[in-house]
Structures are given as C-alpha cells and as structure tokens.
Amino acid sequence: MWMTPKRSKMDVEESRGFRPEWTQRYLVVEPPEGEGALCLVCAHLVVSTCERDVRRHYEAEHRYYQRYVEEGERAALVERLRQGDLPEIVPPTPEERAARAGLGIARLLALKGRGWSEGDFVYQCMEVMLTDVLPDHVGVLGGIDLSPETTRQRVLNINENLRSQLFNRAKDFKAYSLALDDQAFVAYENYLLVFVRGVDQDLEVQEELLTIINLTNHFSVGALMAAILEALQTAGLSLQRMVGLTTTHTLRMIGENSGLVSYMREKAVSPNCWNVIHYSGFLHLELLSSYDVDINQVINQQWLCDFGFVVDIMNHLRELSELLRFNRVFAATAFDHICTFEAKLNLLQRHIEEKNLTHFAALREIVDELKQHIKEEEKILDPGRYKVVICRLQKDFDRHFKDLKFIKKDLELFANPFNFKPEYAPISVRVELTKLQANTDLWDEYRNKDLGQFYAGLSAESYPIIKGVACKVASLFDSSEICEKAFSYLVRNQHTLSQPLTDEHLHALFRIATTEIEPHWDALVRARNQPNP
C-alpha cells in the first residue's frame, strides 16, 4: 500500500504558500502582509495560494507578456515591473497579424486532418469571399503564406511549442503515470502511442501525448523500453515519480517474462521508487469480448445462440467502456465501476446456469424464436458453454486489474477520507487520518467541493501521507478518453494519415489533435523568421 512509510513519503519541502518561481512565471510577488500573490502588472491581490488560481489570473489578464519568453527577457521584465515601469503594449504589425493567421489556419488544418497543400485552397476561398463581400480588404491576404511547405513547417513549430510547454509543466509533477497503446494503429503502420498523466502539488491533472514510437524501428522489447526511457528523460520525468502504467492486452505489453510491463517494473525497482501499479483493461476494453465459442463448429440453432450470447456480452462491456470514458473522475471512481461490473459478471453466471436470460436480450430473443420451431428446449440452450466464457472473462478482469485491488484501501481512503475507519489504516497514517476527521472546517470543504479541489487545499505539511496518497491516486489514468481521442482522429482522417508522413509529422498531428494546451502564439510569431534547425 502507498500509505506505508517505505514508499509513501512525498517531497513536502514546498509549503502551500507563495513560491519564488511564480515571480518570473506569472509576474507576481509575495505581498508584504497576508497571504496570496500580488500581481506586479495590475496590483491585484490573488488571495488563493494555489498555483492554478495564480496562473488563471495571469493568462486571463496579462497574456500579452507571454511574448517575453527568454529567461533574460523575463528577468529584465520583472525588474521593470518592480520599479513601476510598465512596458508599453505595442499592437502587432500587419506582418505579425498575417503570421498569426497563417499559424491558426495551419493548426486548424492539422486538427481536421487536412493535407499541407489544402492551405492554398483555403487561401483561394478567402480571396473569393473578400472580393465579393469586402473588396477593399482583399489586400490583407497578400502577407499570408499558406504554401504547402510553409504550412508543414508551421505544424512542426506548433508541435514543438506545445511539447516545450508540456516539459515545463512536467517539472512540477509530483507523480505521473503512462498509458501505452499499441492497438490504435493496428490496421496501419505499427506505432506505439505513449501518453502521460501528471499531477502537481495542487492536484491539477495534465494528460498529454508524450511521444509516438515507430515499432518497425523498435521491434524488440528492449529497444522499445530504451525509447520510452529516452522520452521520459527528455521530458525531465524520473522513474522515481512514476506511479501507474496502463496498457493494452497484447503479449508485447503484458507477456509474463518478456512483456514491456515486466521490463518497466524491473527498471523502476529501487529504494526510491514506488510500486508501479499496472492495469490493462481501460484501453480498447471491447477487445476483451473476442472469445472463441466454437461458432464455426456448429451451425443452425447453436450458431444463432452463440451469436446472440456474444452480442449480449459485448453490449455489457460497451456499457462499462462508456462509463470509463468519463475523464477527471479519478481512478477510485473508475475502480468502483470495475468492481460493480465484476459483481455483474457473477450475477450473469448464476443467471445463465439457471437459464434465466433476463440480462441476455439478444440470446433471449433467439431462444424464444427457436422454441416455436423446436419442441425440446434442452436442445436449444447449452448454458455450460456460456458459463465457461463468463468464467474466462472474470479471470481476465481479475488479472488485468489485480494491482488496483492491491491498493484498494488507498483508493477508498482517497474517495472517502471522512468515512475511512482509522483502525483499518496502517499505523503510519492513523494520526493524520484521526486529525483530519476531527477538523470540522475540512469536513465542510469536503462536502462543498469536488475531490480535486478538496485535496488541492489540503496542507502537505499537516497531512503529508494523505496528501501523498492523493497525488498518486490522482495521477493514475481514470479513463481512456485521450486514447479514444487519438483513435477517433485516426479513424476520421484515414486518407490523410495513409499518405507518406515522417514520424515527426505524425507526432505533430496527433499532439495537436489530443492536447489541452494552448500554443503560445506570440512566441511562435516572434520565431517565424528564425532559421529552421
């Protein structure tokens, strides 16, 4: 369990007060009196000491200053603001406006999966529209370059900007997990999508594409492992902060002795690492229903019954998959859905033994139809063959989610800290838990806020173990949303993605399609004249 002292101690050197790095990052200083952060630009006092609130004020009110991106420029800007010298806000030049428009169109083309050459078509459409509607403004198109080569390079620049922002945020991750999907491209080139979910000390969750690995060039598990470790190192993510690993069900991922999960766990074994929690059921859950019930060996009524049974099982799995697509509910809620479905499987097994088809709609309809043509009911339905399939499905669920059951108490503590009995908790956490449950102010916050907000406001100094458990649970993937987003992008844009693309361009397209980060447009506009690397 994570609540035990050996692996649960978090770095709590940062207090929940003002942090010095915010000065250059968000242009705020610690106020002379009281708590919060004082804005150097507008003198507004951000009362909260949560980084999320400080960043929101900066992005909402002072986005203009994002153009000061270099460290030296940023330090000089802070000094000017400390002296009360506000830089004049210079409106963008026509060239900068044209560059910004070209970047926005390039991003839109990437989001819609359109080819680089379609920028010229967009240009022609805008020219026709302005000629008929605003003829005096046709000239503004003169500075917008939408040629295929320029559009291609802009997409790469946007990708690099988003990647840089992700790496900057990754520095603040207290814990993170990886999701490895090698089945999204099963009908195309062989690629592995690597997603990261990180959480900072304010329990703000970030889910992003970390990298795409070409499995043709990394065929062996060792080469694949090296590529993932290189991506983690580039992002500044150490294995010491890795908490969870969710994968597909392929042998490449979960092979007992040669699977990637085994390699990752061996690599992460050290006194400073946490036990890596692995579960392989969230991604492409419907593939668990692909069981062989010997439908090719029997024809007529048995084949129809088998088909109806498979349809019913897939429908039940689809219902669970829909529940697991809801993001930001945390792994504790997702685990509840898993446990509920396992109980449902027990019920289905009893019902099929009793020939009770209440929850087998398709099978029931087929059996009712066959009864009208066959006199002996025993010849229609063979419950034994379907009981075997349900038992195999139960064993698969137990295998895929057994690590989540290992941390069941941690998940229960996270979801219901005020209902968790201290005597059932490890000795190391009982004092914190008792103190937490006796605090009426925290009880009010727990009732009035969602779990993320509640734990974001929990002091890491007063409750280091509970806060540590919260960060780890929050970093576990709680849904397949980002993987589904990538798969949907692939399905929608089969034609474009089937064209010859470098791995770099493919990576750029999928990052733009799945990211929640907004590009720093000012930085991109300023860098437009810099030579390409």
# chains A, B, ... in the order shown; residues from 1 in each chain; ligands from 1
>>> select_by_dssp(residues="stretch 293-442 of chain A", states="helix (DSSP H, G or I)", output="ChimeraX atom specification")
/A:301-323,330-353,361-371,377-379,383-400,402-406,408-415,422-424,427-437,440-442
>>> select_by_dssp(residues="stretch 54-263 of chain A", states="strand (DSSP E or B)", output="compact mmCIF listing (two decimals) with N, CA and C atoms, in the first residue's frame")
# COMPACT_ATOMS: atom_id res chain seq x y z
N ALA A 175 3.75 13.32 -9.23
CA ALA A 175 3.59 11.91 -9.59
C ALA A 175 3.03 11.87 -11.01
N TYR A 176 3.30 10.76 -11.71
CA TYR A 176 2.77 10.64 -13.07
C TYR A 176 2.57 9.17 -13.41
N SER A 177 1.75 8.92 -14.43
CA SER A 177 1.52 7.58 -14.95
C SER A 177 1.61 7.61 -16.46
N LEU A 178 1.81 6.44 -17.05
CA LEU A 178 1.90 6.31 -18.50
C LEU A 178 0.78 5.41 -19.01
N ALA A 179 0.31 5.70 -20.21
CA ALA A 179 -0.63 4.83 -20.92
C ALA A 179 0.01 4.47 -22.25
N LEU A 180 0.12 3.17 -22.53
CA LEU A 180 0.78 2.69 -23.74
C LEU A 180 -0.25 1.98 -24.62
N ASP A 181 -0.46 2.53 -25.81
CA ASP A 181 -1.47 1.99 -26.72
C ASP A 181 -0.81 1.56 -28.02
N TYR A 191 2.68 1.54 -34.73
CA TYR A 191 3.19 2.58 -33.85
C TYR A 191 2.70 2.34 -32.43
N LEU A 192 3.44 2.87 -31.48
CA LEU A 192 3.04 2.86 -30.08
C LEU A 192 2.79 4.30 -29.64
N LEU A 193 1.58 4.58 -29.15
CA LEU A 193 1.27 5.89 -28.60
C LEU A 193 1.57 5.87 -27.10
N VAL A 194 2.34 6.82 -26.64
CA VAL A 194 2.69 6.92 -25.22
C VAL A 194 2.10 8.21 -24.66
N PHE A 195 1.16 8.06 -23.73
CA PHE A 195 0.52 9.21 -23.10
C PHE A 195 1.01 9.32 -21.66
N VAL A 196 1.04 10.54 -21.15
CA VAL A 196 1.44 10.78 -19.77
C VAL A 196 0.33 11.53 -19.05
N ARG A 197 0.10 11.16 -17.81
CA ARG A 197 -0.85 11.86 -16.95
C ARG A 197 -0.09 12.25 -15.69
N GLY A 198 0.07 13.55 -15.49
CA GLY A 198 0.82 14.04 -14.34
C GLY A 198 -0.03 14.93 -13.46
N VAL A 199 0.37 15.04 -12.20
CA VAL A 199 -0.35 15.86 -11.24
C VAL A 199 0.65 16.65 -10.41
N VAL A 205 -4.43 18.13 -12.87
CA VAL A 205 -4.11 16.99 -13.71
C VAL A 205 -3.84 17.44 -15.14
N GLN A 206 -2.81 16.85 -15.74
CA GLN A 206 -2.47 17.14 -17.13
C GLN A 206 -2.32 15.81 -17.87
N GLU A 207 -3.11 15.60 -18.92
CA GLU A 207 -3.00 14.41 -19.76
C GLU A 207 -2.56 14.84 -21.15
N GLU A 208 -1.43 14.30 -21.61
CA GLU A 208 -0.90 14.72 -22.90
C GLU A 208 -0.20 13.54 -23.59
N LEU A 209 -0.03 13.68 -24.90
CA LEU A 209 0.78 12.73 -25.66
C LEU A 209 2.24 13.00 -25.36
N LEU A 210 2.96 11.98 -24.90
CA LEU A 210 4.38 12.14 -24.62
C LEU A 210 5.21 11.90 -25.87
N THR A 211 4.95 10.80 -26.56
CA THR A 211 5.70 10.51 -27.78
C THR A 211 4.98 9.44 -28.58
N ILE A 212 5.39 9.28 -29.83
CA ILE A 212 4.95 8.18 -30.69
C ILE A 212 6.20 7.41 -31.11
N ILE A 213 6.18 6.10 -30.93
CA ILE A 213 7.34 5.27 -31.23
C ILE A 213 7.01 4.35 -32.41
N ASN A 214 7.88 4.38 -33.41
CA ASN A 214 7.73 3.53 -34.57
C ASN A 214 8.20 2.12 -34.21
N MET A 242 7.16 7.83 -11.04
CA MET A 242 6.19 7.05 -11.81
C MET A 242 5.33 6.20 -10.88
N VAL A 243 4.02 6.27 -11.07
CA VAL A 243 3.07 5.59 -10.20
C VAL A 243 2.35 4.45 -10.91
N GLY A 244 1.83 4.71 -12.11
CA GLY A 244 0.99 3.72 -12.78
C GLY A 244 1.35 3.50 -14.23
N LEU A 245 0.91 2.37 -14.74
CA LEU A 245 1.16 2.01 -16.13
C LEU A 245 -0.08 1.27 -16.63
N THR A 246 -0.78 1.86 -17.58
CA THR A 246 -1.93 1.19 -18.18
C THR A 246 -1.61 0.87 -19.63
N THR A 247 -1.94 -0.34 -20.05
CA THR A 247 -1.55 -0.82 -21.37
C THR A 247 -2.72 -1.55 -22.03
>>> closest_residue(among="A:Ser258, A:Ser147, A:Thr234, A:Ser280", to="A:Phe167", atoms="only C-alpha atoms")
A:Thr234
>>> atom_distance(atom1="atom CA of A:Asp306", atom2="atom CA of A:Phe397")
21.6 Å
>>> residues_around(residues="stretch 135-142 of chain A", least_positions_apart="3", cutoff="12 Å", atoms="only C-alpha atoms", output="PyMOL selection string")
chain A and resi 94-99+101-102+120+122-132+145-146
>>> write_last_selection(atoms="N, CA, C and O atoms", output="PDB file, in the first residue's frame")
ATOM      1  N   PRO A  94       1.221  44.478 -39.209  1.00  0.00           N
ATOM      2  CA  PRO A  94       0.498  43.688 -40.226  1.00  0.00           C
ATOM      3  C   PRO A  94       1.180  42.350 -40.527  1.00  0.00           C
ATOM      4  O   PRO A  94       0.510  41.342 -40.763  1.00  0.00           O
ATOM      5  N   GLU A  95       2.522  42.354 -40.516  1.00  0.00           N
ATOM      6  CA  GLU A  95       3.246  41.103 -40.776  1.00  0.00           C
ATOM      7  C   GLU A  95       2.991  40.091 -39.659  1.00  0.00           C
ATOM      8  O   GLU A  95       2.826  38.888 -39.921  1.00  0.00           O
ATOM      9  N   GLU A  96       2.947  40.577 -38.414  1.00  0.00           N
ATOM     10  CA  GLU A  96       2.695  39.675 -37.293  1.00  0.00           C
ATOM     11  C   GLU A  96       1.263  39.148 -37.325  1.00  0.00           C
ATOM     12  O   GLU A  96       1.011  37.977 -37.009  1.00  0.00           O
ATOM     13  N   ARG A  97       0.336  40.006 -37.691  1.00  0.00           N
ATOM     14  CA  ARG A  97      -1.057  39.549 -37.810  1.00  0.00           C
ATOM     15  C   ARG A  97      -1.184  38.475 -38.895  1.00  0.00           C
ATOM     16  O   ARG A  97      -1.893  37.474 -38.717  1.00  0.00           O
ATOM     17  N   ALA A  98      -0.500  38.677 -40.003  1.00  0.00           N
ATOM     18  CA  ALA A  98      -0.551  37.692 -41.091  1.00  0.00           C
ATOM     19  C   ALA A  98       0.065  36.365 -40.656  1.00  0.00           C
ATOM     20  O   ALA A  98      -0.464  35.286 -40.956  1.00  0.00           O
ATOM     21  N   ALA A  99       1.186  36.458 -39.913  1.00  0.00           N
ATOM     22  CA  ALA A  99       1.828  35.236 -39.429  1.00  0.00           C
ATOM     23  C   ALA A  99       0.924  34.503 -38.437  1.00  0.00           C
ATOM     24  O   ALA A  99       0.830  33.274 -38.459  1.00  0.00           O
ATOM     25  N   ALA A 101      -2.342  34.588 -38.326  1.00  0.00           N
ATOM     26  CA  ALA A 101      -3.437  33.979 -39.082  1.00  0.00           C
ATOM     27  C   ALA A 101      -2.969  32.697 -39.770  1.00  0.00           C
ATOM     28  O   ALA A 101      -3.674  31.678 -39.772  1.00  0.00           O
ATOM     29  N   GLY A 102      -1.760  32.733 -40.351  1.00  0.00           N
ATOM     30  CA  GLY A 102      -1.230  31.540 -41.008  1.00  0.00           C
ATOM     31  C   GLY A 102      -1.030  30.389 -40.026  1.00  0.00           C
ATOM     32  O   GLY A 102      -1.310  29.222 -40.343  1.00  0.00           O
ATOM     33  N   ASP A 120      -3.458  26.263 -49.800  1.00  0.00           N
ATOM     34  CA  ASP A 120      -3.680  27.078 -50.994  1.00  0.00           C
ATOM     35  C   ASP A 120      -5.164  27.166 -51.329  1.00  0.00           C
ATOM     36  O   ASP A 120      -5.663  28.218 -51.758  1.00  0.00           O
ATOM     37  N   VAL A 122      -7.634  26.997 -49.153  1.00  0.00           N
ATOM     38  CA  VAL A 122      -8.222  27.899 -48.159  1.00  0.00           C
ATOM     39  C   VAL A 122      -7.962  29.356 -48.570  1.00  0.00           C
ATOM     40  O   VAL A 122      -8.847  30.223 -48.461  1.00  0.00           O
ATOM     41  N   TYR A 123      -6.747  29.633 -49.057  1.00  0.00           N
ATOM     42  CA  TYR A 123      -6.395  30.979 -49.499  1.00  0.00           C
ATOM     43  C   TYR A 123      -7.324  31.424 -50.633  1.00  0.00           C
ATOM     44  O   TYR A 123      -7.837  32.554 -50.643  1.00  0.00           O
ATOM     45  N   GLN A 124      -7.558  30.547 -51.590  1.00  0.00           N
ATOM     46  CA  GLN A 124      -8.435  30.884 -52.719  1.00  0.00           C
ATOM     47  C   GLN A 124      -9.866  31.136 -52.249  1.00  0.00           C
ATOM     48  O   GLN A 124     -10.542  32.044 -52.760  1.00  0.00           O
ATOM     49  N   CYS A 125     -10.338  30.353 -51.277  1.00  0.00           N
ATOM     50  CA  CYS A 125     -11.689  30.565 -50.740  1.00  0.00           C
ATOM     51  C   CYS A 125     -11.806  31.934 -50.090  1.00  0.00           C
ATOM     52  O   CYS A 125     -12.799  32.657 -50.298  1.00  0.00           O
ATOM     53  N   MET A 126     -10.794  32.282 -49.281  1.00  0.00           N
ATOM     54  CA  MET A 126     -10.833  33.589 -48.615  1.00  0.00           C
ATOM     55  C   MET A 126     -10.760  34.719 -49.639  1.00  0.00           C
ATOM     56  O   MET A 126     -11.412  35.756 -49.479  1.00  0.00           O
ATOM     57  N   GLU A 127      -9.985  34.527 -50.692  1.00  0.00           N
ATOM     58  CA  GLU A 127      -9.858  35.559 -51.715  1.00  0.00           C
ATOM     59  C   GLU A 127     -11.185  35.789 -52.426  1.00  0.00           C
ATOM     60  O   GLU A 127     -11.595  36.943 -52.665  1.00  0.00           O
ATOM     61  N   VAL A 128     -11.897  34.709 -52.756  1.00  0.00           N
ATOM     62  CA  VAL A 128     -13.202  34.837 -53.406  1.00  0.00           C
ATOM     63  C   VAL A 128     -14.190  35.536 -52.481  1.00  0.00           C
ATOM     64  O   VAL A 128     -14.950  36.424 -52.897  1.00  0.00           O
ATOM     65  N   MET A 129     -14.191  35.155 -51.202  1.00  0.00           N
ATOM     66  CA  MET A 129     -15.130  35.740 -50.252  1.00  0.00           C
ATOM     67  C   MET A 129     -14.883  37.238 -50.078  1.00  0.00           C
ATOM     68  O   MET A 129     -15.819  38.047 -50.119  1.00  0.00           O
ATOM     69  N   LEU A 130     -13.609  37.617 -49.874  1.00  0.00           N
ATOM     70  CA  LEU A 130     -13.312  39.034 -49.657  1.00  0.00           C
ATOM     71  C   LEU A 130     -13.578  39.856 -50.924  1.00  0.00           C
ATOM     72  O   LEU A 130     -13.994  41.015 -50.844  1.00  0.00           O
ATOM     73  N   THR A 131     -13.334  39.270 -52.062  1.00  0.00           N
ATOM     74  CA  THR A 131     -13.571  40.003 -53.310  1.00  0.00           C
ATOM     75  C   THR A 131     -15.040  40.387 -53.445  1.00  0.00           C
ATOM     76  O   THR A 131     -15.381  41.494 -53.904  1.00  0.00           O
ATOM     77  N   ASP A 132     -15.926  39.503 -53.032  1.00  0.00           N
ATOM     78  CA  ASP A 132     -17.356  39.759 -53.165  1.00  0.00           C
ATOM     79  C   ASP A 132     -17.938  40.519 -51.979  1.00  0.00           C
ATOM     80  O   ASP A 132     -18.875  41.312 -52.152  1.00  0.00           O
ATOM     81  N   ASP A 145       1.046  33.534 -46.064  1.00  0.00           N
ATOM     82  CA  ASP A 145       1.652  32.458 -46.853  1.00  0.00           C
ATOM     83  C   ASP A 145       1.059  31.125 -46.401  1.00  0.00           C
ATOM     84  O   ASP A 145       1.271  30.684 -45.266  1.00  0.00           O
ATOM     85  N   LEU A 146       0.306  30.480 -47.290  1.00  0.00           N
ATOM     86  CA  LEU A 146      -0.298  29.188 -46.984  1.00  0.00           C
ATOM     87  C   LEU A 146       0.202  28.103 -47.930  1.00  0.00           C
ATOM     88  O   LEU A 146      -0.496  27.132 -48.207  1.00  0.00           O
TER      89      LEU A 146
END
>>> closest_residue(among="A:Ala527, A:Glu518, A:Phe454, A:Glu432", to="A:Gln165", atoms="only C-alpha atoms")
A:Glu518
>>> residues_around(residues="A:Trp521", least_positions_apart="6", cutoff="9 Å", atoms="only C-alpha atoms", output="list in words")
Gln66, Arg67, Arg100, Leu103, Gly104, Ile158 and Asn161 of chain A
>>> write_last_selection(atoms="N, CA and C atoms", output="PDB file, in the first residue's frame")
ATOM      1  N   GLN A  66       3.367  37.124 -22.383  1.00  0.00           N
ATOM      2  CA  GLN A  66       3.929  35.826 -22.735  1.00  0.00           C
ATOM      3  C   GLN A  66       4.971  35.942 -23.840  1.00  0.00           C
ATOM      4  N   ARG A  67       4.973  37.080 -24.512  1.00  0.00           N
ATOM      5  CA  ARG A  67       5.973  37.260 -25.559  1.00  0.00           C
ATOM      6  C   ARG A  67       7.375  37.384 -24.976  1.00  0.00           C
ATOM      7  N   ARG A 100       0.264  35.277 -37.575  1.00  0.00           N
ATOM      8  CA  ARG A 100      -0.645  34.666 -36.592  1.00  0.00           C
ATOM      9  C   ARG A 100      -1.812  33.977 -37.294  1.00  0.00           C
ATOM     10  N   LEU A 103      -0.563  30.710 -38.816  1.00  0.00           N
ATOM     11  CA  LEU A 103      -0.391  29.675 -37.793  1.00  0.00           C
ATOM     12  C   LEU A 103      -1.735  29.079 -37.378  1.00  0.00           C
ATOM     13  N   GLY A 104      -2.736  29.947 -37.217  1.00  0.00           N
ATOM     14  CA  GLY A 104      -4.057  29.466 -36.828  1.00  0.00           C
ATOM     15  C   GLY A 104      -4.662  28.557 -37.875  1.00  0.00           C
ATOM     16  N   ILE A 158       4.336  24.478 -34.165  1.00  0.00           N
ATOM     17  CA  ILE A 158       3.295  24.420 -33.134  1.00  0.00           C
ATOM     18  C   ILE A 158       3.519  23.206 -32.243  1.00  0.00           C
ATOM     19  N   ASN A 161       6.287  23.927 -29.833  1.00  0.00           N
ATOM     20  CA  ASN A 161       5.842  24.857 -28.805  1.00  0.00           C
ATOM     21  C   ASN A 161       5.022  24.129 -27.738  1.00  0.00           C
TER      22      ASN A 161
END
>>> residues_around(residues="stretch 16-20 of chain A", least_positions_apart="2", cutoff="10 Å", atoms="only C-alpha atoms", output="list in words")
Val12, Glu13, Glu14, Trp22, Thr23, Gln24, Arg25, Val28, Val29, Glu30, Pro31, Glu35, Gly36, Ala37, Leu38, Ser48, Thr49, Cys50, Glu51, Gln201, Asp202, Ala456, Gly457, Leu458, Ser459, Ala460 and Glu461 of chain A
>>> write_last_selection(atoms="N, CA, C and O atoms", output="compact mmCIF listing (two decimals), in the first residue's frame")
# COMPACT_ATOMS: atom_id res chain seq x y z
N VAL A 12 7.76 17.18 0.59
CA VAL A 12 6.85 18.23 1.04
C VAL A 12 7.61 19.47 1.44
O VAL A 12 7.19 20.23 2.30
N GLU A 13 8.79 19.68 0.79
CA GLU A 13 9.56 20.85 1.18
C GLU A 13 8.86 22.13 0.78
O GLU A 13 9.07 23.18 1.36
N GLU A 14 8.00 22.05 -0.26
CA GLU A 14 7.28 23.25 -0.64
C GLU A 14 6.07 23.42 0.26
O GLU A 14 5.28 22.52 0.43
N TRP A 22 7.15 31.70 -9.02
CA TRP A 22 5.97 32.34 -9.60
C TRP A 22 6.28 33.76 -10.09
O TRP A 22 5.58 34.28 -10.95
N THR A 23 7.31 34.38 -9.52
CA THR A 23 7.59 35.78 -9.86
C THR A 23 7.89 35.92 -11.35
O THR A 23 7.30 36.76 -12.04
N GLN A 24 8.80 35.10 -11.86
CA GLN A 24 9.09 35.18 -13.30
C GLN A 24 8.02 34.51 -14.13
O GLN A 24 7.73 34.93 -15.24
N ARG A 25 7.42 33.47 -13.59
CA ARG A 25 6.45 32.70 -14.37
C ARG A 25 5.15 33.47 -14.55
O ARG A 25 4.59 33.51 -15.65
N VAL A 28 4.20 37.87 -10.36
CA VAL A 28 3.61 38.15 -9.06
C VAL A 28 4.71 38.08 -8.00
O VAL A 28 5.76 37.45 -8.20
N VAL A 29 4.46 38.77 -6.88
CA VAL A 29 5.38 38.72 -5.74
C VAL A 29 4.58 38.42 -4.48
O VAL A 29 3.35 38.55 -4.45
N GLU A 30 5.30 38.05 -3.45
CA GLU A 30 4.64 37.79 -2.18
C GLU A 30 4.24 39.11 -1.54
O GLU A 30 5.06 40.04 -1.45
N PRO A 31 2.98 39.27 -1.14
CA PRO A 31 2.54 40.56 -0.57
C PRO A 31 3.23 40.84 0.76
O PRO A 31 3.59 39.91 1.49
N GLU A 35 -1.54 36.60 3.03
CA GLU A 35 -1.20 35.53 2.12
C GLU A 35 -1.66 35.87 0.70
O GLU A 35 -2.34 36.86 0.48
N GLY A 36 -1.24 35.04 -0.22
CA GLY A 36 -1.66 35.22 -1.60
C GLY A 36 -0.49 35.62 -2.49
O GLY A 36 0.69 35.39 -2.16
N ALA A 37 -0.81 36.22 -3.63
CA ALA A 37 0.20 36.66 -4.59
C ALA A 37 -0.23 38.01 -5.14
O ALA A 37 -1.37 38.19 -5.59
N LEU A 38 0.69 38.98 -5.13
CA LEU A 38 0.41 40.34 -5.58
C LEU A 38 0.92 40.50 -7.01
O LEU A 38 2.11 40.31 -7.29
N SER A 48 -5.84 33.40 -3.19
CA SER A 48 -5.51 31.98 -3.10
C SER A 48 -4.01 31.77 -3.26
O SER A 48 -3.34 32.49 -4.00
N THR A 49 -3.48 30.78 -2.54
CA THR A 49 -2.08 30.40 -2.72
C THR A 49 -1.97 29.13 -3.57
O THR A 49 -0.98 28.43 -3.53
N CYS A 50 -3.00 28.88 -4.35
CA CYS A 50 -3.00 27.74 -5.27
C CYS A 50 -2.47 28.22 -6.62
O CYS A 50 -2.92 29.24 -7.15
N GLU A 51 -1.50 27.50 -7.17
CA GLU A 51 -0.90 27.92 -8.43
C GLU A 51 -1.93 28.01 -9.55
O GLU A 51 -1.82 28.86 -10.43
N GLN A 201 1.42 19.62 -7.13
CA GLN A 201 1.08 19.62 -5.71
C GLN A 201 -0.30 20.23 -5.46
O GLN A 201 -0.88 20.04 -4.38
N ASP A 202 -0.85 20.96 -6.43
CA ASP A 202 -2.21 21.48 -6.31
C ASP A 202 -3.24 20.52 -6.91
O ASP A 202 -4.39 20.90 -7.11
N ALA A 456 -6.53 19.63 -3.23
CA ALA A 456 -5.65 20.74 -3.60
C ALA A 456 -5.46 21.70 -2.43
O ALA A 456 -4.39 22.29 -2.26
N GLY A 457 -6.50 21.85 -1.62
CA GLY A 457 -6.43 22.74 -0.46
C GLY A 457 -5.90 22.09 0.79
O GLY A 457 -5.74 22.77 1.82
N LEU A 458 -5.60 20.80 0.74
CA LEU A 458 -5.12 20.10 1.93
C LEU A 458 -3.63 20.37 2.12
O LEU A 458 -2.83 20.25 1.19
N SER A 459 -3.24 20.73 3.32
CA SER A 459 -1.86 21.10 3.61
C SER A 459 -0.95 19.88 3.52
O SER A 459 -1.17 18.86 4.18
N ALA A 460 0.11 20.00 2.71
CA ALA A 460 1.09 18.92 2.61
C ALA A 460 1.98 18.85 3.84
O ALA A 460 2.61 17.83 4.08
N GLU A 461 2.03 19.92 4.63
CA GLU A 461 2.83 19.90 5.86
C GLU A 461 2.08 19.21 6.99
O GLU A 461 2.67 18.46 7.76
>>> residues_around(residues="stretch 339-347 of chain A", least_positions_apart="5", cutoff="12 Å", atoms="only C-alpha atoms", output="ChimeraX atom specification")
/A:313,316-321,323-324,332-334,352-354,356-360,386-398,401-402,404-405,408
>>> closest_residue(among="A:Met253, A:Ala470, A:Ala361, A:Ile366", to="A:Gln301", atoms="only C-alpha atoms")
A:Ile366
>>> residues_around(residues="A:Glu118", least_positions_apart="3", cutoff="12 Å", atoms="only C-alpha atoms", output="PyMOL selection string")
chain A and resi 105-106+108-110+112-115+121-125+146-152+496
>>> decode(residues="stretch 313-347 of chain A", atoms="C-alpha atoms", output="PDB file, in the first residue's frame")
ATOM      1  CA  ILE A 313     -21.565  -9.787 -23.667  1.00  0.00           C
ATOM      2  CA  MET A 314     -20.237  -7.072 -25.985  1.00  0.00           C
ATOM      3  CA  ASN A 315     -23.140  -4.816 -25.028  1.00  0.00           C
ATOM      4  CA  HIS A 316     -22.357  -5.261 -21.326  1.00  0.00           C
ATOM      5  CA  LEU A 317     -18.676  -4.470 -21.979  1.00  0.00           C
ATOM      6  CA  ARG A 318     -19.680  -1.463 -24.073  1.00  0.00           C
ATOM      7  CA  GLU A 319     -21.709  -0.087 -21.174  1.00  0.00           C
ATOM      8  CA  LEU A 320     -18.672  -0.380 -18.918  1.00  0.00           C
ATOM      9  CA  SER A 321     -16.466   1.181 -21.580  1.00  0.00           C
ATOM     10  CA  GLU A 322     -18.810   4.179 -21.774  1.00  0.00           C
ATOM     11  CA  LEU A 323     -18.524   4.685 -18.013  1.00  0.00           C
ATOM     12  CA  LEU A 324     -14.736   4.559 -18.252  1.00  0.00           C
ATOM     13  CA  ARG A 325     -14.659   7.266 -20.928  1.00  0.00           C
ATOM     14  CA  PHE A 326     -15.571   9.973 -18.402  1.00  0.00           C
ATOM     15  CA  ASN A 327     -12.405  11.834 -17.543  1.00  0.00           C
ATOM     16  CA  ARG A 328     -11.384  13.682 -14.365  1.00  0.00           C
ATOM     17  CA  VAL A 329     -13.306  11.329 -12.055  1.00  0.00           C
ATOM     18  CA  PHE A 330     -10.103   9.783 -10.630  1.00  0.00           C
ATOM     19  CA  ALA A 331      -9.144   6.118 -10.548  1.00  0.00           C
ATOM     20  CA  ALA A 332     -11.122   5.463  -7.362  1.00  0.00           C
ATOM     21  CA  THR A 333     -14.395   6.030  -9.213  1.00  0.00           C
ATOM     22  CA  ALA A 334     -13.207   4.026 -12.223  1.00  0.00           C
ATOM     23  CA  PHE A 335     -12.252   1.161  -9.902  1.00  0.00           C
ATOM     24  CA  ASP A 336     -15.764   1.250  -8.426  1.00  0.00           C
ATOM     25  CA  HIS A 337     -17.133   0.742 -11.942  1.00  0.00           C
ATOM     26  CA  ILE A 338     -14.791  -2.231 -12.402  1.00  0.00           C
ATOM     27  CA  CYS A 339     -15.859  -3.819  -9.103  1.00  0.00           C
ATOM     28  CA  THR A 340     -19.522  -3.284  -9.976  1.00  0.00           C
ATOM     29  CA  PHE A 341     -19.029  -4.977 -13.332  1.00  0.00           C
ATOM     30  CA  GLU A 342     -17.286  -7.945 -11.707  1.00  0.00           C
ATOM     31  CA  ALA A 343     -20.290  -8.340  -9.413  1.00  0.00           C
ATOM     32  CA  LYS A 344     -22.462  -8.140 -12.514  1.00  0.00           C
ATOM     33  CA  LEU A 345     -20.478 -10.976 -14.092  1.00  0.00           C
ATOM     34  CA  ASN A 346     -21.199 -13.133 -11.040  1.00  0.00           C
ATOM     35  CA  LEU A 347     -24.894 -12.403 -11.484  1.00  0.00           C
TER      36      LEU A 347
END
